[in-house]
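Source file my_file25.pdb; content: PDB, C-alpha atoms, pLDDT in the B column.
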ATOM      1  CA  MET A  18     -37.114-142.300  88.736  1.00 50.00           C
ATOM      2  CA  ALA A  19     -40.382-141.216  90.273  1.00 52.00           C
ATOM      3  CA  ALA A  20     -43.454-142.014  88.294  1.00 54.00           C
ATOM      4  CA  ARG A  21     -45.606-139.168  87.000  1.00 54.00           C
ATOM      5  CA  LYS A  22     -49.314-138.897  86.854  1.00 53.00           C
ATOM      6  CA  PRO A  23     -50.822-139.103  83.403  1.00 53.00           C
ATOM      7  CA  SER A  24     -52.008-135.481  83.730  1.00 52.00           C
ATOM      8  CA  GLU A  25     -48.444-134.310  84.380  1.00 55.00           C
ATOM      9  CA  ARG A  26     -46.954-135.960  81.351  1.00 54.00           C
ATOM     10  CA  ARG A  27     -46.055-133.701  78.436  1.00 54.00           C
ATOM     11  CA  HIS A  28     -47.140-134.845  75.071  1.00 53.00           C
ATOM     12  CA  GLY A  29     -45.313-133.883  71.948  1.00 52.00           C
ATOM     13  CA  GLY A  30     -46.999-130.995  70.106  1.00 52.00           C
ATOM     14  CA  ALA A  31     -49.146-129.879  73.049  1.00 53.00           C
ATOM     15  CA  ASP A  32     -47.330-126.550  73.253  1.00 58.00           C
ATOM     16  CA  GLU A  33     -47.572-125.854  69.561  1.00 63.00           C
ATOM     17  CA  VAL A  34     -49.843-122.910  68.626  1.00 66.00           C
ATOM     18  CA  ALA A  35     -51.628-122.875  65.310  1.00 73.00           C
ATOM     19  CA  GLU A  36     -50.822-119.901  63.085  1.00 79.00           C
ATOM     20  CA  LEU A  37     -53.677-117.385  62.903  1.00 81.00           C
ATOM     21  CA  ASN A  38     -55.316-116.885  59.537  1.00 84.00           C
ATOM     22  CA  LEU A  39     -55.867-113.115  59.191  1.00 83.00           C
ATOM     23  CA  VAL A  40     -57.057-113.227  55.594  1.00 85.00           C
ATOM     24  CA  PRO A  41     -60.817-113.254  56.437  1.00 85.00           C
ATOM     25  CA  ILE A  42     -60.433-110.311  58.841  1.00 85.00           C
ATOM     26  CA  MET A  43     -58.440-108.301  56.304  1.00 86.00           C
ATOM     27  CA  ALA A  44     -61.046-109.038  53.651  1.00 84.00           C
ATOM     28  CA  ILE A  45     -63.803-107.681  55.898  1.00 86.00           C
ATOM     29  CA  MET A  46     -61.805-104.505  56.613  1.00 84.00           C
ATOM     30  CA  VAL A  47     -61.179-103.927  52.904  1.00 83.00           C
ATOM     31  CA  ILE A  48     -64.942-104.063  52.322  1.00 83.00           C
ATOM     32  CA  LEU A  49     -65.982-101.973  55.344  1.00 81.00           C
ATOM     33  CA  ILE A  50     -63.564 -99.043  55.005  1.00 81.00           C
ATOM     34  CA  PRO A  51     -64.855 -97.777  51.602  1.00 77.00           C
ATOM     35  CA  MET A  52     -68.442 -98.195  52.822  1.00 75.00           C
ATOM     36  CA  LEU A  53     -67.748 -96.093  55.925  1.00 74.00           C
ATOM     37  CA  ILE A  54     -66.057 -93.390  53.858  1.00 73.00           C
ATOM     38  CA  TYR A  55     -69.047 -93.340  51.523  1.00 66.00           C
ATOM     39  CA  MET A  56     -71.440 -92.846  54.466  1.00 66.00           C
ATOM     40  CA  PHE A  57     -69.551 -89.873  55.913  1.00 62.00           C
ATOM     41  CA  THR A  58     -70.427 -86.269  55.098  1.00 58.00           C
ATOM     42  CA  PHE A  59     -67.414 -83.989  54.988  1.00 57.00           C
ATOM     43  CA  HIS A  60     -67.551 -80.368  56.132  1.00 57.00           C
ATOM     44  CA  GLN A  61     -64.731 -77.882  56.228  1.00 57.00           C
ATOM     45  CA  ILE A  62     -64.786 -76.595  59.791  1.00 57.00           C
ATOM     46  CA  ARG A  63     -62.420 -74.138  61.397  1.00 59.00           C
ATOM     47  CA  VAL A  64     -62.321 -72.179  64.645  1.00 58.00           C
ATOM     48  CA  GLN A  65     -61.522 -68.509  64.350  1.00 56.00           C
ATOM     49  CA  ARG A  66     -61.753 -65.552  66.703  1.00 56.00           C
ATOM     50  CA  VAL A  67     -63.577 -62.616  65.158  1.00 55.00           C
ATOM     51  CA  MET A  68     -64.754 -59.237  66.284  1.00 56.00           C
ATOM     52  CA  ALA A  69     -68.537 -59.105  66.276  1.00 54.00           C
ATOM     53  CA  PRO A  70     -69.846 -56.411  63.892  1.00 55.00           C
ATOM     54  CA  ARG A  71     -70.630 -53.141  65.664  1.00 56.00           C
ATOM     55  CA  ARG A  72     -72.646 -50.078  64.843  1.00 53.00           C
ATOM     56  CA  GLY A  73     -70.696 -46.969  64.051  1.00 53.00           C
ATOM     57  CA  THR A  74     -70.565 -43.759  62.063  1.00 53.00           C
ATOM     58  CA  GLY A  75     -67.009 -43.780  60.803  1.00 52.00           C
ATOM     59  CA  ALA A  76     -65.716 -41.961  57.773  1.00 50.00           C
ATOM     60  CA  GLN A  77     -67.138 -43.032  54.434  1.00 52.00           C
ATOM     61  CA  LYS A  78     -64.847 -45.379  52.555  1.00 49.00           C
ATOM     62  CA  THR A  79     -64.360 -45.655  48.854  1.00 49.00           C
ATOM     63  CA  LYS A  80     -66.152 -48.278  46.801  1.00 51.00           C
ATOM     64  CA  GLU A  81     -62.865 -50.076  46.197  1.00 50.00           C
ATOM     65  CA  GLU A  82     -62.244 -50.436  49.945  1.00 50.00           C
ATOM     66  CA  LYS A  83     -65.759 -51.732  50.507  1.00 48.00           C
ATOM     67  CA  LYS A  84     -65.389 -54.357  47.815  1.00 51.00           C
ATOM     68  CA  GLU A  85     -62.188 -55.656  49.367  1.00 52.00           C
ATOM     69  CA  LYS A  86     -63.865 -56.457  52.683  1.00 60.00           C
ATOM     70  CA  GLU A  87     -65.459 -59.836  53.173  1.00 69.00           C
ATOM     71  CA  LEU A  88     -69.113 -60.179  54.052  1.00 75.00           C
ATOM     72  CA  ASN A  89     -68.229 -61.736  57.415  1.00 82.00           C
ATOM     73  CA  LEU A  90     -71.714 -63.233  57.646  1.00 88.00           C
ATOM     74  CA  THR A  91     -72.263 -64.496  61.187  1.00 91.00           C
ATOM     75  CA  ILE A  92     -75.067 -66.496  62.802  1.00 93.00           C
ATOM     76  CA  LEU A  93     -75.522 -65.810  66.511  1.00 93.00           C
ATOM     77  CA  ILE A  94     -77.349 -68.619  68.339  1.00 95.00           C
ATOM     78  CA  LYS A  95     -79.024 -67.414  71.513  1.00 94.00           C
ATOM     79  CA  LYS A  96     -80.197 -69.865  74.147  1.00 93.00           C
ATOM     80  CA  ASP A  97     -84.005 -70.291  74.171  1.00 92.00           C
ATOM     81  CA  ARG A  98     -84.412 -67.138  72.068  1.00 94.00           C
ATOM     82  CA  GLY A  99     -83.400 -67.897  68.495  1.00 95.00           C
ATOM     83  CA  PHE A 100     -80.986 -66.581  65.880  1.00 96.00           C
ATOM     84  CA  GLN A 101     -79.593 -63.270  64.779  1.00 94.00           C
ATOM     85  CA  VAL A 102     -77.690 -62.794  61.518  1.00 93.00           C
ATOM     86  CA  THR A 103     -75.014 -60.103  61.272  1.00 88.00           C
ATOM     87  CA  TRP A 104     -72.682 -59.036  58.479  1.00 84.00           C
ATOM     88  CA  GLU A 105     -69.845 -56.621  57.849  1.00 77.00           C
ATOM     89  CA  GLN A 106     -70.981 -53.036  58.261  1.00 55.00           C
ATOM     90  CA  ALA A 107     -68.955 -51.701  55.347  1.00 56.00           C
ATOM     91  CA  LEU A 108     -71.104 -53.596  52.868  1.00 48.00           C
ATOM     92  CA  MET A 109     -74.377 -52.256  54.232  1.00 53.00           C
ATOM     93  CA  PRO A 110     -73.877 -49.104  56.310  1.00 57.00           C
ATOM     94  CA  ASP A 111     -77.524 -48.626  57.289  1.00 54.00           C
ATOM     95  CA  THR A 112     -78.075 -52.069  58.806  1.00 52.00           C
ATOM     96  CA  GLN A 113     -75.587 -54.527  60.230  1.00 75.00           C
ATOM     97  CA  ALA A 114     -77.878 -57.030  61.967  1.00 83.00           C
ATOM     98  CA  SER A 115     -81.149 -58.695  61.087  1.00 85.00           C
ATOM     99  CA  GLU A 116     -84.101 -58.803  63.418  1.00 90.00           C
ATOM    100  CA  MET A 117     -84.130 -61.622  65.926  1.00 94.00           C
ATOM    101  CA  ILE A 118     -85.383 -64.875  64.397  1.00 95.00           C
ATOM    102  CA  SER A 119     -87.374 -65.990  67.418  1.00 95.00           C
ATOM    103  CA  MET A 120     -88.268 -69.536  68.342  1.00 95.00           C
ATOM    104  CA  ARG A 121     -91.488 -70.742  66.740  1.00 94.00           C
ATOM    105  CA  GLN A 122     -94.412 -72.437  68.458  1.00 94.00           C
ATOM    106  CA  VAL A 123     -95.204 -75.575  66.487  1.00 93.00           C
ATOM    107  CA  ASP A 124     -97.285 -78.724  66.708  1.00 91.00           C
ATOM    108  CA  ASP A 125     -96.824 -80.505  70.038  1.00 90.00           C
ATOM    109  CA  LEU A 126     -95.964 -83.698  68.158  1.00 89.00           C
ATOM    110  CA  LEU A 127     -92.514 -82.278  67.358  1.00 90.00           C
ATOM    111  CA  CYS A 128     -91.685 -82.209  71.072  1.00 91.00           C
ATOM    112  CA  GLY A 129     -92.705 -85.834  71.556  1.00 87.00           C
ATOM    113  CA  ASP A 130     -94.575 -87.299  74.490  1.00 84.00           C
ATOM    114  CA  PRO A 131     -92.471 -87.978  77.613  1.00 77.00           C
ATOM    115  CA  ASN A 132     -94.963 -90.684  78.593  1.00 81.00           C
ATOM    116  CA  ASP A 133     -94.709 -92.478  75.248  1.00 81.00           C
ATOM    117  CA  SER A 134     -91.355 -94.054  74.422  1.00 79.00           C
ATOM    118  CA  LYS A 135     -92.341 -94.446  70.768  1.00 81.00           C
ATOM    119  CA  THR A 136     -92.406 -90.680  70.162  1.00 84.00           C
ATOM    120  CA  VAL A 137     -89.208 -88.764  69.444  1.00 88.00           C
ATOM    121  CA  ARG A 138     -88.455 -85.107  70.135  1.00 89.00           C
ATOM    122  CA  ALA A 139     -87.286 -83.252  67.041  1.00 90.00           C
ATOM    123  CA  GLN A 140     -83.840 -81.675  67.285  1.00 89.00           C
ATOM    124  CA  GLY A 141     -83.996 -78.035  68.299  1.00 93.00           C
ATOM    125  CA  CYS A 142     -87.487 -78.366  69.823  1.00 94.00           C
ATOM    126  CA  TRP A 143     -88.397 -78.268  73.519  1.00 92.00           C
ATOM    127  CA  PRO A 144     -91.686 -78.298  75.416  1.00 92.00           C
ATOM    128  CA  ARG A 145     -92.723 -75.276  77.447  1.00 91.00           C
ATOM    129  CA  ALA A 146     -95.746 -74.481  79.540  1.00 91.00           C
ATOM    130  CA  GLU A 147     -97.255 -72.663  76.538  1.00 92.00           C
ATOM    131  CA  GLY A 148     -96.593 -75.524  74.108  1.00 93.00           C
ATOM    132  CA  CYS A 149     -93.828 -76.845  71.856  1.00 94.00           C
ATOM    133  CA  PHE A 150     -91.208 -74.349  70.654  1.00 95.00           C
ATOM    134  CA  CYS A 151     -88.481 -74.903  68.041  1.00 95.00           C
ATOM    135  CA  TYR A 152     -85.579 -72.887  66.731  1.00 96.00           C
ATOM    136  CA  ASP A 153     -86.875 -71.507  63.434  1.00 95.00           C
ATOM    137  CA  PHE A 154     -84.392 -73.140  61.072  1.00 95.00           C
ATOM    138  CA  ALA A 155     -86.699 -72.444  58.116  1.00 94.00           C
ATOM    139  CA  ALA A 156     -86.599 -68.677  58.708  1.00 95.00           C
ATOM    140  CA  LEU A 157     -82.822 -68.845  59.201  1.00 95.00           C
ATOM    141  CA  TYR A 158     -82.437 -70.713  55.910  1.00 95.00           C
ATOM    142  CA  ASN A 159     -84.562 -68.090  54.132  1.00 94.00           C
ATOM    143  CA  GLU A 160     -82.415 -65.303  55.575  1.00 93.00           C
ATOM    144  CA  LEU A 161     -79.175 -66.969  54.489  1.00 93.00           C
ATOM    145  CA  VAL A 162     -80.454 -67.611  50.960  1.00 92.00           C
ATOM    146  CA  GLN A 163     -81.451 -63.959  50.607  1.00 91.00           C
ATOM    147  CA  LYS A 164     -78.098 -62.727  51.915  1.00 88.00           C
ATOM    148  CA  LYS A 165     -76.234 -65.096  49.599  1.00 88.00           C
ATOM    149  CA  LYS A 166     -78.158 -63.816  46.598  1.00 87.00           C
ATOM    150  CA  LYS A 167     -77.855 -60.160  47.557  1.00 83.00           C
ATOM    151  CA  PHE A 168     -74.129 -60.124  48.238  1.00 79.00           C
ATOM    152  CA  SER A 169     -72.976 -62.678  45.653  1.00 75.00           C
ATOM    153  CA  ASP A 170     -74.787 -61.548  42.499  1.00 69.00           C
ATOM    154  CA  GLY A 171     -72.337 -59.945  40.114  1.00 65.00           C
ATOM    155  CA  LYS A 172     -69.259 -60.926  42.137  1.00 69.00           C
ATOM    156  CA  GLU A 173     -66.437 -62.941  40.632  1.00 67.00           C
ATOM    157  CA  LYS A 174     -66.042 -64.892  43.870  1.00 75.00           C
ATOM    158  CA  PRO A 175     -69.403 -65.653  45.521  1.00 78.00           C
ATOM    159  CA  GLU A 176     -69.537 -65.727  49.298  1.00 81.00           C
ATOM    160  CA  LYS A 177     -68.700 -69.223  50.560  1.00 86.00           C
ATOM    161  CA  ARG A 178     -68.078 -68.707  54.266  1.00 88.00           C
ATOM    162  CA  VAL A 179     -70.425 -68.261  57.192  1.00 91.00           C
ATOM    163  CA  ASN A 180     -69.445 -67.896  60.847  1.00 91.00           C
ATOM    164  CA  ILE A 181     -71.433 -69.593  63.596  1.00 93.00           C
ATOM    165  CA  THR A 182     -71.183 -68.486  67.203  1.00 92.00           C
ATOM    166  CA  ALA A 183     -73.343 -69.565  70.114  1.00 92.00           C
ATOM    167  CA  GLU A 184     -73.910 -68.789  73.747  1.00 91.00           C
ATOM    168  CA  SER A 185     -72.236 -71.264  76.077  1.00 87.00           C
ATOM    169  CA  ALA A 186     -75.545 -72.862  77.115  1.00 90.00           C
ATOM    170  CA  VAL A 187     -76.573 -73.745  73.543  1.00 92.00           C
ATOM    171  CA  THR A 188     -76.536 -77.505  72.937  1.00 92.00           C
ATOM    172  CA  TRP A 189     -74.644 -79.249  70.156  1.00 91.00           C
ATOM    173  CA  GLU A 190     -77.849 -80.477  68.499  1.00 92.00           C
ATOM    174  CA  VAL A 191     -78.867 -76.862  67.842  1.00 94.00           C
ATOM    175  CA  VAL A 192     -75.401 -76.022  66.495  1.00 92.00           C
ATOM    176  CA  SER A 193     -75.411 -79.050  64.180  1.00 91.00           C
ATOM    177  CA  ARG A 194     -78.885 -78.237  62.837  1.00 92.00           C
ATOM    178  CA  THR A 195     -77.719 -74.660  62.258  1.00 94.00           C
ATOM    179  CA  MET A 196     -74.808 -76.040  60.240  1.00 92.00           C
ATOM    180  CA  ASP A 197     -77.279 -78.056  58.163  1.00 91.00           C
ATOM    181  CA  ALA A 198     -79.334 -74.935  57.453  1.00 92.00           C
ATOM    182  CA  ALA A 199     -76.243 -73.041  56.286  1.00 93.00           C
ATOM    183  CA  THR A 200     -74.408 -75.740  54.319  1.00 91.00           C
ATOM    184  CA  CYS A 201     -76.796 -77.079  51.658  1.00 91.00           C
ATOM    185  CA  ARG A 202     -79.475 -75.638  49.437  1.00 92.00           C
ATOM    186  CA  LEU A 203     -82.827 -77.390  49.665  1.00 92.00           C
ATOM    187  CA  GLU A 204     -85.465 -78.336  47.115  1.00 87.00           C
ATOM    188  CA  GLN A 205     -87.231 -74.986  47.509  1.00 88.00           C
ATOM    189  CA  GLU A 206     -85.486 -71.632  47.398  1.00 87.00           C
ATOM    190  CA  ILE A 207     -87.694 -70.048  50.080  1.00 91.00           C
ATOM    191  CA  TYR A 208     -90.070 -71.557  52.645  1.00 92.00           C
ATOM    192  CA  GLY A 209     -93.235 -69.857  53.860  1.00 89.00           C
ATOM    193  CA  PRO A 210     -93.300 -67.856  57.099  1.00 84.00           C
ATOM    194  CA  GLY A 211     -96.013 -69.903  58.837  1.00 87.00           C
ATOM    195  CA  ASN A 212     -95.996 -73.341  60.407  1.00 90.00           C
ATOM    196  CA  ASP A 213     -96.786 -74.858  57.015  1.00 91.00           C
ATOM    197  CA  GLY A 214     -93.505 -73.498  55.689  1.00 91.00           C
ATOM    198  CA  PHE A 215     -91.687 -74.767  58.764  1.00 92.00           C
ATOM    199  CA  ASN A 216     -93.140 -78.261  58.291  1.00 91.00           C
ATOM    200  CA  GLU A 217     -92.143 -78.218  54.613  1.00 92.00           C
ATOM    201  CA  TYR A 218     -88.598 -77.283  55.618  1.00 92.00           C
ATOM    202  CA  VAL A 219     -88.422 -80.147  58.130  1.00 90.00           C
ATOM    203  CA  LYS A 220     -89.383 -82.646  55.412  1.00 90.00           C
ATOM    204  CA  ALA A 221     -87.268 -81.070  52.657  1.00 91.00           C
ATOM    205  CA  LYS A 222     -84.335 -82.894  51.088  1.00 90.00           C
ATOM    206  CA  PRO A 223     -81.030 -81.317  50.030  1.00 90.00           C
ATOM    207  CA  LYS A 224     -80.760 -80.192  46.437  1.00 90.00           C
ATOM    208  CA  LYS A 225     -78.400 -82.452  44.510  1.00 88.00           C
ATOM    209  CA  GLY A 226     -75.069 -81.002  43.471  1.00 87.00           C
ATOM    210  CA  GLU A 227     -71.942 -82.405  41.857  1.00 85.00           C
ATOM    211  CA  LEU A 228     -70.826 -86.006  41.716  1.00 86.00           C
ATOM    212  CA  LYS A 229     -67.322 -86.253  43.142  1.00 83.00           C
ATOM    213  CA  LYS A 230     -64.810 -89.057  43.206  1.00 82.00           C
ATOM    214  CA  ILE A 231     -63.490 -90.036  46.642  1.00 79.00           C
ATOM    215  CA  PRO A 232     -60.314 -92.108  47.003  1.00 80.00           C
ATOM    216  CA  GLY A 233     -61.115 -95.676  47.977  1.00 78.00           C
ATOM    217  CA  VAL A 234     -64.710 -95.538  46.719  1.00 78.00           C
ATOM    218  CA  ASP A 235     -65.536 -97.024  43.339  1.00 80.00           C
ATOM    219  CA  ASP A 236     -68.676 -95.025  42.564  1.00 84.00           C
ATOM    220  CA  PRO A 237     -68.805 -91.196  42.593  1.00 85.00           C
ATOM    221  CA  VAL A 238     -70.416 -89.648  45.688  1.00 83.00           C
ATOM    222  CA  GLN A 239     -73.418 -87.335  45.344  1.00 83.00           C
ATOM    223  CA  PHE A 240     -72.868 -84.040  47.179  1.00 86.00           C
ATOM    224  CA  CYS A 241     -75.487 -81.397  47.896  1.00 88.00           C
ATOM    225  CA  ASP A 242     -75.687 -78.058  46.100  1.00 90.00           C
ATOM    226  CA  PRO A 243     -73.686 -75.867  48.522  1.00 90.00           C
ATOM    227  CA  LEU A 244     -75.093 -72.719  50.098  1.00 91.00           C
ATOM    228  CA  PHE A 245     -72.139 -71.835  52.337  1.00 91.00           C
ATOM    229  CA  PRO A 246     -69.694 -74.761  52.121  1.00 88.00           C
ATOM    230  CA  ASN A 247     -67.175 -73.248  54.558  1.00 89.00           C
ATOM    231  CA  ILE A 248     -68.377 -73.224  58.174  1.00 89.00           C
ATOM    232  CA  VAL A 249     -66.319 -71.360  60.783  1.00 89.00           C
ATOM    233  CA  PHE A 250     -66.977 -71.520  64.524  1.00 84.00           C
ATOM    234  CA  ALA A 251     -66.377 -67.948  65.606  1.00 72.00           C
ATOM    235  CA  MET A 252     -65.942 -66.825  69.211  1.00 63.00           C
ATOM    236  CA  ALA A 253     -67.151 -63.241  69.396  1.00 54.00           C
ATOM    237  CA  GLU A 254     -65.112 -60.872  71.553  1.00 53.00           C
TER     238      GLU A 254
END
Just give me the structure as structure tokens.
Amino acid sequence: MAARKPSERRHGGADEVAELNLVPIMAIMVILIPMLIYMFTFHQIRVQRVMAPRRGTGAQKTKEEKKEKELNLTILIKKDRGFQVTWEQALMPDTQASEMISMRQVDDLLCGDPNDSKTVRAQGCWPRAEGCFCYDFAALYNELVQKKKKFSDGKEKPEKRVNITAESAVTWEVVSRTMDAATCRLEQEIYGPGNDGFNEYVKAKPKKGELKKIPGVDDPVQFCDPLFPNIVFAMAE
């Protein structure tokens, strides 16, 4: 029988594989999953096609018919121009759209310095030749608070839904900040019209709402006081 080299010899137990111990990994997952759930913010988001409100002089409807119609409050985001808020005409025959909430010129610091990596551009703000301009989220928030109060006072079911629609060129960061402005009430009810009010809005914190229990999390989670908790992405036709 031919002799074998020592390196070619098979030793007993060399092919045996040790059983993996998955207990430490499972323990880490059990700890991480509740923490991740706790860190998430949940929004109810749907996509729905709607007809944009239009001006018209149709026949007058009865009060009962008007009450049955929803507010259909809609935020139109226009690229590099601002916001416009519309609502169902039947609830307010004389006016069905607010004035354009134009972009606001603010402190140049909010647009950051392209030559300084330590500065950060605020979301919804972009530099122009004339200076730094931001979508006026403070004015939008004020408008939504006023509409909520006007159309919800005295109603058994307050308005909870707002539609958001945007031009195709609008970036996601503007849409997400618009959602923030519509979802939660802030510390102040109304913010001033000038840059001081805008700066106060930027620094404002959400108003605390209910404590809710989430499955898998030991401690209750603090939610904000909702303004319009139901957000619908609406594609105007």
Work out how far atom CA of A:Val179 is from atom CA of A:Leu88, in Å to one decimal. 8.8 Å
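Interatomic distance, atom CA of A:Leu39 to atom CA of A:Val234: 23.3 Å.
Here atom CA of A:Ile48 and atom CA of A:Asp235 stand 11.4 Å from one another.
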List the spatial neighbours of A:Phe215 as a PyMOL selection string - criterion: any atom at most 9 Å away, only C-alpha atoms, same-chain residues fewer than 2 positions off excluded. chain A and resi 121+123+153-156+208-213+217-220
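Proximity ranking of A:Pro243, A:Pro51, A:Pro175, A:Pro131 relative to A:Pro223 places A:Pro243 first, based on all atoms listed in the file.
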Residue IDs satisfying the PyMOL selection byres ((chain A and resi 94) around 12), as a VMD selection string: chain A and resid 91 to 93 95 to 103 117 to 120 141 152 to 154 157 180 to 196 250 to 253
Box along x, y and z, 4 Å on every side, all listed atoms of stretch 130-147 of chain A inside: centre and edge lengths in Å to one decimal, as AutoDock Vina command-line options.
--center_x -90.5 --center_y -83.6 --center_z 73.3 --size_x 21.4 --size_y 29.8 --size_z 20.5
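Using all atoms listed in the file, the shortest contact distance between A:Gln163 and any of A:Thr136, A:Asn38, A:Ser115, A:Asn89 is found at A:Ser115.
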For A:Ser169, the nearest of the candidates A:Leu244, A:Leu228, A:Cys201, A:Val40, counting only C-alpha atoms: A:Leu244
